[in-house]
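Chemist: Okay, here's the structure, questions in a sec.
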Amino acid sequence: MPFSWQHSCDMWWSYLWQNTSRYAFFAVLTWALLWVVMRGPLRGRKIRALSPSARQMVMEFAISMRSIALFATAAAGMSLMSRAGFYPLTHLSHHWGPAWMAVSLVLMIVGHDAYYYWTHRALHRPALFRGAHARHHKSHNPSPFSAYSFDLGEAAVMVTFVVLWPLAVPTPWPVITLFILHQIWRNTLAHSGYELAPAGADGRPMFDWLTTATHHDMHHSHAGWNFGLYFTWWDRWMGTEHPDYYAAFAKSATRRVRPDAAAAAGPALG
């Protein structure tokens with residue numbers, strides 16, 4: 001199909017709508033379920049006593065729309081690149097069956113976790129932080145709407161992985177969609193303000209190789225620690241996991257609330 005500005009603009013609007021819908025679905029649903037509907041029963045699982053202001057969450061949503069516009073631009077660019085033949089491995093992998101789809105999804109998640117850890121650490125260098133990562137850390141007390149609240153520089157770094165990965169690893173297009181859904185789901189939960197991960201008898205995370213909401217929440221309050229996104233591996237290998245992480249997790253994951261206190265909390269907005 002020959003290049004057409006009208007077709008490209010229509011494609012961009014389509015991707016903008018898709019990305020906005022995903023973000024709004026996960027962010028609004030997480031906020032509504034945890035902060036409104038289940039506020040009383042989950043009171044003991046709230047990581048911080050104070051809640052972000054409505055003004056902060058509105059600002060986060062607005063900034064996230066800027067990031068989403070950049071993501072839509074990258075998606076449209078990938079579509080045009082695919083039509084021009086720049087993603088031969090992706091087209092080849094469509095014939096490798098469901099087993100490869102599962103394997104390629106795991107590889108992409110693990111690869112992204114490594115990419116995120118090292119680029120995230122780099123963004124905390126003084127030369128880059130102020131212009132490329134400071135916006136995200138203005139959400140000192142994060143909310144579900146913090147997930148895409150990025151400076152444009154950080155948004156560009158984040159979407160670069162999705163653009164480059166299929167050039168190197170045979171990854172079917174449906175797998176990339178599943179990866180994006182997994183990414184926004186985990187990212188939203190990491191900023192949810194509630195610790196939902198199960199704890200073992202010793203108070204530690206039952207699935208200790210996965211990051212938790214407490215793990216990432218501590219990064220927002222102690223910016224030099226806990227850089228990982230999905231897994232705790234890199235922080236532990238590199239010595240960047242906060243030494244008080246287990247104590248902070250146990251405090252949120254095992255805290256008990258009296259039934260009358262939970263009832264008093266009610267479903268009111270925070």
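Labels used: A, B, ... for chains in the order of the structure tokens, numbers from 1 for residues in each chain, and numbers from 1 for ligands as shown.
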Quick one: everything within 8 Å of Thr171 (chain A), counting only C-alpha atoms, minus sequence neighbours fewer than 4 positions away in the same chain. Send it as a ChimeraX atom specification.
Modeler: /A:89-90,93-94,101,104-105,166,175-176
Chemist: Limited to C-alpha atoms, could you put the picked residues into a file as a compact mmCIF listing (two decimals), in the first residue's frame?
Modeler:
# COMPACT_ATOMS: atom_id res chain seq x y z
CA LEU A 89 11.41 -11.85 12.15
CA THR A 90 7.97 -10.88 13.40
CA SER A 93 7.46 -16.08 13.93
CA HIS A 94 3.72 -16.11 13.16
CA MET A 101 4.16 -17.42 21.40
CA SER A 104 8.52 -15.21 23.18
CA LEU A 105 6.18 -13.51 25.67
CA PRO A 166 11.04 -7.34 17.44
CA VAL A 175 2.56 -11.30 21.74
CA ILE A 176 3.57 -7.64 21.67
Chemist: Tell me, counting only C-alpha atoms, for each residue of region 59-93 of chain A within 8 Å of region 15-32 of chain A, which pair of atoms is nearest and how far apart they are in Å to one decimal, in rows ordered by chain and increasing number, as JSON lines.
Modeler:
{"residue": "A:Met65", "atom": "CA", "partner": "A:Thr20", "partner_atom": "CA", "distance": 7.2}
{"residue": "A:Ile68", "atom": "CA", "partner": "A:Asn19", "partner_atom": "CA", "distance": 6.3}
{"residue": "A:Ala69", "atom": "CA", "partner": "A:Leu16", "partner_atom": "CA", "distance": 6.0}
{"residue": "A:Phe71", "atom": "CA", "partner": "A:Asn19", "partner_atom": "CA", "distance": 7.6}
{"residue": "A:Ala72", "atom": "CA", "partner": "A:Leu16", "partner_atom": "CA", "distance": 5.0}
{"residue": "A:Thr73", "atom": "CA", "partner": "A:Tyr15", "partner_atom": "CA", "distance": 7.9}
{"residue": "A:Ala75", "atom": "CA", "partner": "A:Tyr15", "partner_atom": "CA", "distance": 6.7}
{"residue": "A:Ala76", "atom": "CA", "partner": "A:Tyr15", "partner_atom": "CA", "distance": 7.0}
Chemist: Would you save the residues of that selection, restricted to C-alpha atoms, as a PDB file, in the first residue's frame?
Modeler:
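Result file is result-v6.pdb:
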ATOM      1  CA  MET A  65      -1.928  11.447  27.919  1.00  0.00           C
ATOM      2  CA  ILE A  68       0.343   7.929  25.391  1.00  0.00           C
ATOM      3  CA  ALA A  69       0.475  10.266  22.377  1.00  0.00           C
ATOM      4  CA  PHE A  71       3.409   5.712  22.347  1.00  0.00           C
ATOM      5  CA  ALA A  72       0.774   6.026  19.607  1.00  0.00           C
ATOM      6  CA  THR A  73       3.319   7.736  17.364  1.00  0.00           C
ATOM      7  CA  ALA A  75       3.051   2.286  17.229  1.00  0.00           C
ATOM      8  CA  ALA A  76       2.130   3.994  13.976  1.00  0.00           C
TER       9      ALA A  76
END
Chemist: Which residues of region 56-171 of chain A sit at most 7 Å from region 225-237 of chain A, using only C-alpha atoms? Give each one's shortest atom pair and distance in Å (one decimal place), in chain and ascending residue order, as a tab-separated table.
Modeler:
residue	atom	partner	partner_atom	distance
A:Asp113	CA	A:Leu229	CA	5.9
A:Tyr116	CA	A:Leu229	CA	6.8
A:Tyr117	CA	A:Gly228	CA	5.1
A:His120	CA	A:Phe227	CA	6.4
A:Arg121	CA	A:Phe227	CA	6.5
Chemist: Would you write out those residues with C-alpha atoms, as a PDB file, in the first residue's frame?
Modeler:
ATOM      1  CA  ASP A 113      12.804  -6.093  33.027  1.00  0.00           C
ATOM      2  CA  TYR A 116      14.041  -1.158  32.448  1.00  0.00           C
ATOM      3  CA  TYR A 117      16.377  -1.728  35.391  1.00  0.00           C
ATOM      4  CA  HIS A 120      15.923   3.419  35.046  1.00  0.00           C
ATOM      5  CA  ARG A 121      19.216   3.562  36.930  1.00  0.00           C
TER       6      ARG A 121
END
Chemist: What is the CA of Ala213 (chain A) to CA of Val163 (chain A) distance in Å?
Modeler: 27.4 Å
Chemist: Residues of region 59-143 of chain A within 8 Å of region 39-54 of chain A: nearest atom pair and distance (Å, one decimal) for each, counting only C-alpha atoms, sorted by chain and number, as CSV?
Modeler:
residue,atom,partner,partner_atom,distance
A:Asn141,CA,A:Pro52,CA,6.1
A:Pro142,CA,A:Pro52,CA,6.9
A:Ser143,CA,A:Pro52,CA,6.7
Chemist: Need the shell around Thr214 (chain A): protein/DNA/RNA residues with any atom at most 8 Å away, counting only C-alpha atoms. Skip same-chain ones fewer than 2 positions apart. Format as a list in words?
Modeler: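 That gives Ile47, Ala190, Gly193, Tyr194, Glu195, Thr212, His216, Asp217, Met218, Tyr245, Ala248, Phe249 and Ser252 of chain A.
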Chemist: Using only C-alpha atoms, pick whichever of A:Met78, A:Ala168, A:Trp118, A:Gly153 has the shortest atom-to-atom distance to Ala132 (chain A).
Modeler: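 The shortest atom-to-atom distance to Ala132 (chain A) comes from A:Gly153.
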Chemist: Between CA of Thr188 (chain A) and CA of Ala62 (chain A), what distance in Å does the model show, to one decimal?
Modeler: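 Going from CA of Thr188 (chain A) over to CA of Ala62 (chain A), I get 15.8 Å.
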Chemist: Rank A:Ser8, A:Thr119, A:Ser139, A:Ser79 by their smallest atom-to-atom distance to Phe61 (chain A), using only C-alpha atoms, and report the top residue only.
Modeler: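 Among the listed residues, the smallest separation from Phe61 (chain A) belongs to A:Ser139.
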Chemist: Which neighbours of His124 (chain A) fall inside 8 Å, counting only C-alpha atoms, when residues of the same chain fewer than 5 positions from it are skipped, and could you give them as a ChimeraX atom specification?
Modeler: /A:129,133,224
Chemist: With N, CA and C atoms retained, could you export that selection as a PDB file, in the first residue's frame?
Modeler:
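To be explicit, this is the file written out as selection25.pdb:
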ATOM      1  N   PHE A 129      18.364  13.017  35.200  1.00  0.00           N
ATOM      2  CA  PHE A 129      17.181  12.984  36.050  1.00  0.00           C
ATOM      3  C   PHE A 129      16.283  14.205  35.861  1.00  0.00           C
ATOM      4  N   HIS A 133      13.344  12.367  34.063  1.00  0.00           N
ATOM      5  CA  HIS A 133      12.696  11.462  35.027  1.00  0.00           C
ATOM      6  C   HIS A 133      12.062  12.184  36.216  1.00  0.00           C
ATOM      7  N   GLY A 224      16.947   6.243  45.491  1.00  0.00           N
ATOM      8  CA  GLY A 224      18.175   5.549  45.137  1.00  0.00           C
ATOM      9  C   GLY A 224      18.096   4.047  45.261  1.00  0.00           C
TER      10      GLY A 224
END
Chemist: List the neighbours of Pro198 (chain A) out to 8 Å using only C-alpha atoms; skip same-chain residues closer than 2 positions along the sequence, and give me the result as a PDB file with C-alpha atoms, in the first residue's frame.
Modeler:
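Contents of out-v8.pdb, freshly written:
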ATOM      1  CA  LEU A 196      -1.966  -7.042  47.458  1.00  0.00           C
ATOM      2  CA  GLY A 200       4.365 -16.077  53.942  1.00  0.00           C
ATOM      3  CA  PRO A 205       6.471 -11.963  50.019  1.00  0.00           C
ATOM      4  CA  MET A 206       5.278 -15.442  49.103  1.00  0.00           C
ATOM      5  CA  PHE A 207       6.570 -14.908  45.556  1.00  0.00           C
ATOM      6  CA  ALA A 253       0.901  -7.190  54.005  1.00  0.00           C
TER       7      ALA A 253
END
Chemist: If you run DSSP on the backbone, which residues of region 156-236 of chain A are helix (DSSP H, G or I), as a ChimeraX atom specification?
Modeler: /A:156-168,173-190,213-221,233-236
